[in-house]
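Containing compact mmCIF, C-alpha atoms: data20.txt.
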# COMPACT_ATOMS: atom_id res chain seq x y z
CA MET Y 1 10.35 16.61 -11.24
CA LEU Y 2 9.06 16.85 -14.77
CA LYS Y 3 11.18 18.60 -17.37
CA GLN Y 4 10.81 19.75 -20.95
CA GLY Y 5 10.62 16.75 -23.28
CA ASP Y 6 9.11 14.30 -20.76
CA THR Y 7 6.25 12.29 -22.28
CA TYR Y 8 3.40 10.03 -21.24
CA ILE Y 9 0.98 7.80 -23.22
CA HIS Y 10 -2.46 6.58 -22.12
CA GLU Y 11 -4.71 4.22 -24.11
CA PHE Y 12 -8.47 4.40 -23.64
CA VAL Y 13 -11.90 3.53 -25.05
CA ILE Y 14 -15.12 5.49 -24.51
CA THR Y 15 -18.28 3.37 -24.37
CA GLN Y 16 -21.78 4.24 -25.55
CA ASP Y 17 -22.96 3.95 -21.93
CA GLU Y 18 -20.42 6.62 -20.94
CA VAL Y 19 -21.64 8.86 -23.78
CA ASN Y 20 -25.26 8.37 -22.68
CA THR Y 21 -24.37 9.20 -19.08
CA PHE Y 22 -22.48 12.32 -20.19
CA ALA Y 23 -25.50 13.37 -22.28
CA GLN Y 24 -27.69 13.12 -19.17
CA ILE Y 25 -25.22 15.04 -17.00
CA SER Y 26 -24.45 17.78 -19.54
CA GLY Y 27 -27.91 18.06 -21.05
CA ASP Y 28 -26.43 17.68 -24.56
CA ASN Y 29 -28.82 15.07 -25.93
CA ASN Y 30 -27.98 15.67 -29.57
CA PRO Y 31 -28.96 12.40 -31.27
CA ILE Y 32 -25.62 12.31 -33.12
CA HIS Y 33 -24.25 11.12 -29.76
CA THR Y 34 -27.06 9.01 -28.32
CA ASN Y 35 -29.27 7.59 -31.07
CA ILE Y 36 -27.66 4.83 -33.11
CA GLU Y 37 -30.36 4.84 -35.81
CA TYR Y 38 -30.18 8.61 -36.21
CA ALA Y 39 -26.37 8.56 -36.27
CA LYS Y 40 -26.48 6.06 -39.15
CA THR Y 41 -28.08 8.79 -41.29
CA THR Y 42 -25.23 11.26 -40.67
CA PRO Y 43 -21.95 11.52 -42.56
CA PHE Y 44 -20.28 9.65 -39.68
CA GLY Y 45 -22.54 6.60 -39.98
CA ARG Y 46 -22.52 5.94 -36.24
CA PRO Y 47 -22.62 7.83 -32.93
CA ILE Y 48 -19.77 10.18 -32.12
CA VAL Y 49 -18.47 11.05 -28.68
CA HIS Y 50 -19.09 14.57 -27.35
CA GLY Y 51 -15.91 16.58 -27.96
CA ILE Y 52 -15.59 17.63 -24.35
CA LEU Y 53 -16.08 14.05 -23.15
CA SER Y 54 -13.23 13.02 -25.46
CA ALA Y 55 -11.02 15.68 -23.88
CA ALA Y 56 -11.96 14.54 -20.37
CA VAL Y 57 -9.22 11.92 -20.63
CA PHE Y 58 -6.78 14.82 -20.21
CA SER Y 59 -8.28 15.64 -16.81
CA LYS Y 60 -8.04 11.99 -15.75
CA VAL Y 61 -4.40 11.77 -16.74
CA PHE Y 62 -3.36 15.13 -15.29
CA GLY Y 63 -5.12 14.55 -11.97
CA THR Y 64 -4.15 10.94 -11.39
CA LEU Y 65 -1.29 9.77 -13.63
CA PHE Y 66 0.87 12.51 -15.21
CA PRO Y 67 1.80 14.62 -13.32
CA GLY Y 68 -0.80 13.19 -10.90
CA GLU Y 69 -1.94 14.04 -7.40
CA GLY Y 70 -1.84 17.71 -6.51
CA THR Y 71 -2.22 18.97 -10.07
CA ILE Y 72 -4.22 22.13 -10.61
CA TYR Y 73 -5.63 22.28 -14.15
CA MET Y 74 -5.27 25.97 -15.04
CA SER Y 75 -6.28 26.12 -18.71
CA GLN Y 76 -6.81 24.07 -21.85
CA GLU Y 77 -6.84 24.95 -25.55
CA LEU Y 78 -8.51 22.36 -27.79
CA LYS Y 79 -8.85 21.71 -31.50
CA PHE Y 80 -11.31 19.00 -32.52
CA LEU Y 81 -9.90 17.64 -35.79
CA ALA Y 82 -11.93 14.48 -36.39
CA PRO Y 83 -14.72 12.55 -34.66
CA VAL Y 84 -14.14 10.15 -31.80
CA PHE Y 85 -16.27 7.00 -31.97
CA THR Y 86 -17.58 4.86 -29.15
CA GLY Y 87 -15.90 1.50 -28.74
CA ASP Y 88 -12.74 2.42 -30.68
CA LYS Y 89 -9.29 2.48 -29.07
CA TYR Y 90 -7.50 5.82 -28.81
CA ILE Y 91 -4.13 6.94 -27.54
CA ALA Y 92 -3.72 10.14 -25.55
CA LYS Y 93 -0.18 11.51 -25.80
CA PHE Y 94 1.37 14.13 -23.55
CA GLU Y 95 4.62 16.07 -23.79
CA VAL Y 96 6.00 18.68 -21.41
CA VAL Y 97 6.87 21.65 -23.64
CA GLU Y 98 7.66 24.25 -20.99
CA THR Y 99 8.20 24.50 -17.26
CA THR Y 100 8.36 27.41 -14.86
CA PRO Y 101 9.82 25.80 -11.71
CA GLU Y 102 9.65 28.94 -9.55
CA LYS Y 103 5.85 28.97 -10.04
CA HIS Y 104 5.52 25.15 -10.11
CA ARG Y 105 3.90 25.36 -13.54
CA GLY Y 106 4.11 23.43 -16.76
CA VAL Y 107 2.73 23.54 -20.28
CA ILE Y 108 1.75 20.18 -21.74
CA LYS Y 109 1.03 19.40 -25.41
CA CYS Y 110 -1.77 16.86 -25.44
CA THR Y 111 -3.20 14.96 -28.38
CA ILE Y 112 -5.57 12.08 -28.99
CA GLU Y 113 -4.79 9.73 -31.85
CA SER Y 114 -6.93 7.02 -33.40
CA SER Y 115 -5.50 3.51 -33.62
CA ASP Y 116 -4.32 4.28 -37.17
CA GLY Y 117 -2.29 7.28 -35.97
CA LYS Y 118 -4.63 10.06 -37.07
CA ILE Y 119 -4.73 13.00 -34.65
CA VAL Y 120 -8.37 13.60 -33.73
CA LEU Y 121 -7.87 16.13 -30.93
CA ASP Y 122 -5.00 18.53 -30.33
CA GLY Y 123 -4.41 20.82 -27.40
CA ILE Y 124 -2.19 22.66 -24.97
CA ALA Y 125 -2.74 22.56 -21.20
CA LYS Y 126 -1.32 24.73 -18.45
CA LEU Y 127 -0.91 23.01 -15.11
CA GLN Y 128 0.43 23.71 -11.66
CA ASN Y 129 1.85 21.07 -9.33
CA LYS Y 130 4.22 21.98 -6.50
CA ASN Y 131 5.73 18.47 -6.44
CA GLN Y 132 6.24 18.01 -10.18
CA PHE Y 133 7.31 21.33 -11.75
Will you turn the file into structure tokens for me?
Amino acid sequence: MLKQGDTYIHEFVITQDEVNTFAQISGDNNPIHTNIEYAKTTPFGRPIVHGILSAAVFSKVFGTLFPGEGTIYMSQELKFLAPVFTGDKYIAKFEVVETTPEKHRGVIKCTIESSDGKIVLDGIAKLQNKNQF
């Protein structure tokens, strides 16, 4: 059973191919994400990952790793603080900040940090899992 203060860390990289596939699926074909030459002309100098694709790592972790199987993803608050770039390594960090055992629910602080420790995405998720909370 998870309790307040429990943590989990997950390292990941998002590729340009994944961004291109997400653009096709979502319909968000903004060239800031998919066109390297266009992205060079922006303040970022290279393609950036769709914000929601960046946050998708939370779904992966919650559904398969922490807390894992049986998790129901109830809500998510997000703050996009800086761009996420394709090919760079990032660290997703999770901390249980509240549990309600009688309802099998938990509140998880979730962040994504760049390899230099800068927080690029910050959020709070509410989850339900009868085996973990």
- Item | Residues near Lys3 (chain Y), cut-off 10 Å, all atoms listed in the file, skip fewer than 3 positions along chain, as an NGL selection string | :Y and (6-7 or 95-101 or 106 or 132-133)
- So, counting all atoms listed in the file, which residue among Y:Asp28, Y:Glu11, Y:Asp17, Y:Glu113 is closest to Val84 (chain Y)? Y:Glu113
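With all atoms listed in the file as the atoms that count, the residue of Y:Gly5, Y:Gly27, Y:Pro67, Y:Gly87 with the shortest distance to Arg46 (chain Y) is Y:Gly87.
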- Item | Nearest candidate to Leu53 (chain Y) (options Y:Gln128, Y:Thr86, Y:Ser114, Y:Ser75; using only C-alpha atoms) | Y:Thr86
- Query: Could you state the separation of CA of Ile112 (chain Y) and CA of Val13 (chain Y) in Å, given to one decimal place?
  - Reply: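 Value for the CA of Ile112 (chain Y)-CA of Val13 (chain Y) distance: 11.3 Å.
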Please list as a PDB file with C-alpha atoms, in the frame of the given file every residue within 9 Å of Thr71 (chain Y), counting only C-alpha atoms and excluding residues in the same chain fewer than 4 positions away.
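Wrote around03.pdb, looks like this:
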ATOM      1  CA  PHE Y  62      -3.360  15.130 -15.290  1.00  0.00           C
ATOM      2  CA  GLY Y  63      -5.120  14.550 -11.970  1.00  0.00           C
ATOM      3  CA  THR Y  64      -4.150  10.940 -11.390  1.00  0.00           C
ATOM      4  CA  PHE Y  66       0.870  12.510 -15.210  1.00  0.00           C
ATOM      5  CA  PRO Y  67       1.800  14.620 -13.320  1.00  0.00           C
ATOM      6  CA  LEU Y 127      -0.910  23.010 -15.110  1.00  0.00           C
ATOM      7  CA  GLN Y 128       0.430  23.710 -11.660  1.00  0.00           C
ATOM      8  CA  ASN Y 129       1.850  21.070  -9.330  1.00  0.00           C
ATOM      9  CA  LYS Y 130       4.220  21.980  -6.500  1.00  0.00           C
ATOM     10  CA  ASN Y 131       5.730  18.470  -6.440  1.00  0.00           C
ATOM     11  CA  GLN Y 132       6.240  18.010 -10.180  1.00  0.00           C
TER      12      GLN Y 132
END
- CA of Pro83 (chain Y) sits from CA of Gly51 (chain Y) at a separation of 7.9 Å
- Item | Selected residue of minimal separation from Asn29 (chain Y) among Y:Ile14, Y:Val49, Y:Ile119, Y:Cys110, counting all atoms listed in the file |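 Among the listed residues, Y:Val49 lies closest to Asn29 (chain Y).
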- Using all atoms listed in the file, determine which residues lie at most 9 Å from Glu37 (chain Y), disregarding the query and same-chain residues fewer than 3 positions distant; provide the list as a PyMOL selection string. chain Y and resi 31+40-41+46-47
- Task: State, in Å with one decimal place, the distance from CA of Glu69 (chain Y) to CA of Leu81 (chain Y).
- Result: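 So the two atoms, CA of Glu69 (chain Y) and CA of Leu81 (chain Y), lie 29.7 Å apart.
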N, CA and C atoms are what I want for region 61-80 of chain Y; can you complete it accordingly and write them as an mmCIF file, keeping the file's coordinate frame?
data_model
loop_
_atom_site.group_PDB
_atom_site.id
_atom_site.type_symbol
_atom_site.label_atom_id
_atom_site.label_comp_id
_atom_site.auth_asym_id
_atom_site.auth_seq_id
_atom_site.Cartn_x
_atom_site.Cartn_y
_atom_site.Cartn_z
ATOM 1 N N VAL Y 61 -5.842 11.972 -16.751
ATOM 2 C CA VAL Y 61 -4.400 11.770 -16.740
ATOM 3 C C VAL Y 61 -3.707 12.808 -15.867
ATOM 4 N N PHE Y 62 -4.035 14.081 -16.062
ATOM 5 C CA PHE Y 62 -3.360 15.130 -15.290
ATOM 6 C C PHE Y 62 -3.586 14.976 -13.789
ATOM 7 N N GLY Y 63 -4.793 14.627 -13.389
ATOM 8 C CA GLY Y 63 -5.120 14.550 -11.970
ATOM 9 C C GLY Y 63 -4.675 13.286 -11.272
ATOM 10 N N THR Y 64 -4.443 12.212 -12.047
ATOM 11 C CA THR Y 64 -4.150 10.940 -11.390
ATOM 12 C C THR Y 64 -2.896 10.219 -11.878
ATOM 13 N N LEU Y 65 -2.390 10.559 -13.066
ATOM 14 C CA LEU Y 65 -1.290 9.770 -13.630
ATOM 15 C C LEU Y 65 -0.058 10.598 -14.006
ATOM 16 N N PHE Y 66 -0.245 11.712 -14.691
ATOM 17 C CA PHE Y 66 0.870 12.510 -15.210
ATOM 18 C C PHE Y 66 0.464 13.963 -15.287
ATOM 19 N N PRO Y 67 0.873 14.834 -14.428
ATOM 20 C CA PRO Y 67 1.800 14.620 -13.320
ATOM 21 C C PRO Y 67 1.182 13.918 -12.116
ATOM 22 N N GLY Y 68 -0.155 13.948 -11.979
ATOM 23 C CA GLY Y 68 -0.800 13.190 -10.900
ATOM 24 C C GLY Y 68 -1.278 14.049 -9.757
ATOM 25 N N GLU Y 69 -1.364 13.417 -8.598
ATOM 26 C CA GLU Y 69 -1.940 14.040 -7.400
ATOM 27 C C GLU Y 69 -1.358 15.434 -7.152
ATOM 28 N N GLY Y 70 -2.240 16.347 -6.803
ATOM 29 C CA GLY Y 70 -1.840 17.710 -6.510
ATOM 30 C C GLY Y 70 -1.872 18.649 -7.704
ATOM 31 N N THR Y 71 -2.202 18.129 -8.874
ATOM 32 C CA THR Y 71 -2.220 18.970 -10.070
ATOM 33 C C THR Y 71 -3.428 19.885 -10.074
ATOM 34 N N ILE Y 72 -3.174 21.143 -10.394
ATOM 35 C CA ILE Y 72 -4.220 22.130 -10.610
ATOM 36 C C ILE Y 72 -4.263 22.385 -12.116
ATOM 37 N N TYR Y 73 -5.419 22.139 -12.703
ATOM 38 C CA TYR Y 73 -5.630 22.280 -14.150
ATOM 39 C C TYR Y 73 -6.000 23.739 -14.388
ATOM 40 N N MET Y 74 -5.086 24.526 -14.931
ATOM 41 C CA MET Y 74 -5.270 25.970 -15.040
ATOM 42 C C MET Y 74 -5.965 26.403 -16.340
ATOM 43 N N SER Y 75 -5.624 25.763 -17.451
ATOM 44 C CA SER Y 75 -6.280 26.120 -18.710
ATOM 45 C C SER Y 75 -6.058 25.019 -19.740
ATOM 46 N N GLN Y 76 -6.900 25.063 -20.789
ATOM 47 C CA GLN Y 76 -6.810 24.070 -21.850
ATOM 48 C C GLN Y 76 -7.255 24.699 -23.161
ATOM 49 N N GLU Y 77 -6.440 24.596 -24.184
ATOM 50 C CA GLU Y 77 -6.840 24.950 -25.550
ATOM 51 C C GLU Y 77 -7.085 23.641 -26.284
ATOM 52 N N LEU Y 78 -8.151 23.587 -27.082
ATOM 53 C CA LEU Y 78 -8.510 22.360 -27.790
ATOM 54 C C LEU Y 78 -8.821 22.647 -29.252
ATOM 55 N N LYS Y 79 -8.440 21.713 -30.103
ATOM 56 C CA LYS Y 79 -8.850 21.710 -31.500
ATOM 57 C C LYS Y 79 -9.396 20.324 -31.807
ATOM 58 N N PHE Y 80 -10.676 20.273 -32.174
ATOM 59 C CA PHE Y 80 -11.310 19.000 -32.520
ATOM 60 C C PHE Y 80 -11.128 18.789 -34.018
#
